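Here the structure is laid out as structure tokens; the discussion comes afterwards.
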Amino acid sequence: LGSWQVTPQTGARKVLHSKLDVRTSPGTGGTAKEPQVVHGVATRLSNEDACRFQENMASNYPFLHPSRIMDAKRRRPDHPDYDPRTLYLPPNFFKENKVSPGQQQWWEMKAANFDSVLLFKQGKFYEMFEMDSYVGVDVLGLTFMKGEKPHAGFPEVRYHDMAEGLARAGYRVVVVEQTETPEGLARRNQELKKAGMKLANVVNREKVAVLSKGLLMDAEMVAAKPDPSYVISVCELEPCSRTSNAEQQQQQAGGHSV
């Protein structure tokens, strides 16, 4: 193992982000047509259902259009500090589209992890909504559920198999679990009612795990394929024009700074 420190060239961050913001499924090596909406994760479905859903998403979610997409800090992709890992949600989006409390949780999680596939726990199932369901159908062999919005899912007993499949396909997987029972929600609402506050309509959910091909550590996920994983970490450091006191002292003493 080793580490290196390099001085990035002008515009290096923008180039790196453009390389990370892929438009094809991991490992396909092809180039997909520019989508009507930005999915954040690599998708490649082109069947009748996928095309129909794509049109609905373009109509219902204009903030996903390539000409309007922004990160959480409202920066466009041509901004040098654009962060493709996040998504800006218009403040009136939930109200105007009558988004349910559960779906509000999903969108908030997705906006904070736009470059990831969410496995969103609801009851005894892990659900995959919107663009994430494209990945589930393509990579995991799931089927789109009936309705006007793309949606797929699988029972919790298939979790290890499905999550591993996504990670080994090259996706970053965010696991969102219910951290509150219906009974816990009822108790919380009792306290909210006593305090004169608005009652909650949905149980709490939280991000509990992040999986990737290089970070599979679950025993059940690595048992079938116990090959070594290789991880690289990239850290961007701001250039410093001044020499630190420690370096000055080393130089004065005839030492070397490494």
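Each chain in the structure tokens gets a letter, A, B and so on, in the order shown; residues start at 1 in every chain, and ligands are counted from 1 in the order they appear.
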
Original post:
In stretch 35-257 of chain A, what's strand (DSSP E or B) per DSSP? Answer as a list in words?
Top reply: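 Listing strand (DSSP E or B) positions across stretch 35-257 of chain A yields Val117, Leu118, Leu119, Phe120, Lys121, Gln122, Phe125, Tyr126, Glu127, Met128, Phe129, His151, Ala152, Gly153, Phe154, Pro155, Val173, Val174, Val175, Val176, Glu177, Gln178, Arg205, Glu206, Lys207, Val208, Ala209, Val210 and Leu211 of chain A.
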
Residues within 9 Å of A:Gly153, please, as a PDB file with C-alpha atoms, in the first residue's frame. Count only C-alpha atoms; anything in the same chain fewer than 4 positions from it doesn't count.
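Final output, out_13.pdb:
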ATOM      1  CA  LEU A 119     -32.707  -0.185  -1.350  1.00  0.00           C
ATOM      2  CA  PHE A 120     -35.610   1.361   0.533  1.00  0.00           C
ATOM      3  CA  PHE A 125     -39.681  -5.686   1.210  1.00  0.00           C
ATOM      4  CA  TYR A 126     -36.866  -3.590  -0.231  1.00  0.00           C
ATOM      5  CA  GLU A 127     -38.295  -1.214  -2.785  1.00  0.00           C
ATOM      6  CA  MET A 128     -36.566   0.407  -5.763  1.00  0.00           C
ATOM      7  CA  PHE A 129     -38.286   3.523  -7.090  1.00  0.00           C
ATOM      8  CA  SER A 133     -35.997   0.462 -10.541  1.00  0.00           C
ATOM      9  CA  GLY A 136     -33.250  -3.510 -10.551  1.00  0.00           C
ATOM     10  CA  LEU A 142     -36.823  -7.853 -11.440  1.00  0.00           C
ATOM     11  CA  THR A 143     -40.111  -6.857 -13.054  1.00  0.00           C
ATOM     12  CA  PHE A 144     -41.683  -3.425 -13.129  1.00  0.00           C
ATOM     13  CA  MET A 145     -44.777  -3.305 -10.947  1.00  0.00           C
TER      14      MET A 145
END

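The space between atom CA of A:Glu180 and atom CA of A:Lys121 spans 11.5 Å.
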
Original post:
Of the candidates A:Lys194, A:Arg172, A:Lys73, A:Arg188, which shows the shortest atom-to-atom distance to A:Val210, using only C-alpha atoms?
Top reply: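 Among the listed residues, the smallest separation from A:Val210 belongs to A:Arg172.
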
Original post:
Please, which residues of stretch 186-227 of chain A, numbered as in this document, come out helix (DSSP H, G or I) from DSSP, as a list in words?
Top reply: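 Those residues are Ala186, Arg187, Arg188, Asn189, Gln190, Glu191, Leu192, Lys193, Lys194, Lys213, Gly214, Leu215, Ala219, Glu220, Met221 and Val222 of chain A.
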
Original post:
Within 7 Å of A:Val117, counting only C-alpha atoms, which residues qualify if same-chain residues fewer than 6 places away don't, as JSON, numbers by chain?
Top reply: {"A": [132, 171, 172, 173, 174]}

I need the residues from that last selection saved to file as a PDB file, in the first residue's frame (with C-alpha atoms), if you can.
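Resulting contents of out_20.pdb:
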ATOM      1  CA  ASP A 132     -33.336   2.902  -9.362  1.00  0.00           C
ATOM      2  CA  TYR A 171     -23.060   0.249  -8.339  1.00  0.00           C
ATOM      3  CA  ARG A 172     -22.835   2.126  -5.062  1.00  0.00           C
ATOM      4  CA  VAL A 173     -25.716   0.803  -2.961  1.00  0.00           C
ATOM      5  CA  VAL A 174     -27.321   2.733  -0.103  1.00  0.00           C
TER       6      VAL A 174
END

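Among the candidate residues A:Thr181, A:Gln190, A:Phe53, A:Arg75, the one lying nearest to A:Lys146 is A:Phe53, with distances computed using only C-alpha atoms.
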
Original post:
A:Arg52: which residues within 12 Å, counting only C-alpha atoms, same-chain residues fewer than 3 positions away excluded, as a PyMOL selection string?
Top reply: chain A and resi 36+45-49+55-59+144+147-150

Give me the stretch 36-100 of chain A side of the contact with stretch 109-112 of chain A, cut-off 9 Å, one line per residue showing its nearest atom pair and distance in Å at one decimal, counting only C-alpha atoms, sorted by chain and residue number, as a tab-separated table.
residue	atom	partner	partner_atom	distance
A:Asp71	CA	A:Ala111	CA	8.4
A:Ala72	CA	A:Ala111	CA	7.4
A:Arg85	CA	A:Ala112	CA	7.1
A:Thr86	CA	A:Ala112	CA	5.0
A:Leu87	CA	A:Ala111	CA	4.5
A:Tyr88	CA	A:Ala111	CA	6.6
A:Leu89	CA	A:Ala111	CA	7.1

Original post:
atom CA of A:Pro155 and atom CA of A:Lys124, how far apart in Å?
Top reply: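 Atom-to-atom, atom CA of A:Lys124 and atom CA of A:Pro155 are spaced 6.0 Å apart.
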
Subject >> Gap from atom CA of A:Pro90 to atom CA of A:Met70 - Å, one decimal >> reply: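 Atom-to-atom, atom CA of A:Pro90 to atom CA of A:Met70, that is 10.1 Å.
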
Subject >> A:Ala223 surroundings by only C-alpha atoms, 12 Å radius, close-in-sequence under 5 positions cut, as an NGL selection string >> reply: :A and (160-161 or 164 or 216-218 or 228)

For the residues selected in the previous step, produce a file with N, CA and C atoms as a compact mmCIF listing (two decimals), in the first residue's frame.
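Dumped to part-v8.txt:
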# COMPACT_ATOMS: atom_id res chain seq x y z
N HIS A 160 -29.30 -10.19 0.81
CA HIS A 160 -27.87 -10.41 0.59
C HIS A 160 -27.55 -10.68 -0.87
N ASP A 161 -28.36 -11.50 -1.49
CA ASP A 161 -28.14 -11.86 -2.89
C ASP A 161 -28.29 -10.64 -3.79
N GLU A 164 -25.62 -7.78 -3.08
CA GLU A 164 -24.31 -8.20 -3.61
C GLU A 164 -24.29 -8.08 -5.13
N LEU A 216 -17.40 -4.86 0.09
CA LEU A 216 -18.27 -5.96 0.51
C LEU A 216 -17.61 -6.70 1.67
N MET A 217 -18.18 -6.57 2.86
CA MET A 217 -17.60 -7.20 4.03
C MET A 217 -18.56 -8.17 4.71
N ASP A 218 -19.83 -8.17 4.30
CA ASP A 218 -20.82 -9.06 4.88
C ASP A 218 -20.44 -10.51 4.58
N PRO A 228 -10.01 -11.35 -3.25
CA PRO A 228 -9.61 -10.08 -2.63
C PRO A 228 -10.22 -8.89 -3.37

Original post:
Near A:Leu140, counting only C-alpha atoms, which residues have an atom at most 8 Å away, once you skip same-chain residues fewer than 4 positions from it, shown as a list in words?
Top reply: Val135, Gly136, Met162, Gly165 and Leu166 of chain A

Those same residues - N, CA and C atoms - I'd like them written as a PDB file, in the first residue's frame.
ATOM      1  N   VAL A 135     -32.427  -0.071 -12.785  1.00  0.00           N
ATOM      2  CA  VAL A 135     -31.269  -0.888 -12.459  1.00  0.00           C
ATOM      3  C   VAL A 135     -31.717  -2.254 -11.933  1.00  0.00           C
ATOM      4  N   GLY A 136     -32.752  -2.257 -11.093  1.00  0.00           N
ATOM      5  CA  GLY A 136     -33.250  -3.510 -10.551  1.00  0.00           C
ATOM      6  C   GLY A 136     -33.753  -4.446 -11.634  1.00  0.00           C
ATOM      7  N   MET A 162     -29.353  -9.861  -3.589  1.00  0.00           N
ATOM      8  CA  MET A 162     -29.643  -8.723  -4.448  1.00  0.00           C
ATOM      9  C   MET A 162     -28.646  -7.579  -4.229  1.00  0.00           C
ATOM     10  N   GLY A 165     -25.381  -8.475  -5.779  1.00  0.00           N
ATOM     11  CA  GLY A 165     -25.452  -8.396  -7.229  1.00  0.00           C
ATOM     12  C   GLY A 165     -25.277  -6.970  -7.737  1.00  0.00           C
ATOM     13  N   LEU A 166     -25.908  -6.030  -7.069  1.00  0.00           N
ATOM     14  CA  LEU A 166     -25.775  -4.627  -7.462  1.00  0.00           C
ATOM     15  C   LEU A 166     -24.354  -4.124  -7.258  1.00  0.00           C
TER      16      LEU A 166
END

**OP:** Identify which of the residues A:Gly141, A:Gly214, A:Pro91, A:Gly123 lies closest to A:Val176, counting only C-alpha atoms when measuring atom-to-atom distances.
**Re:**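 Going through A:Gly141, A:Gly214, A:Pro91, A:Gly123 one by one, the smallest distance to A:Val176 is for A:Gly123.
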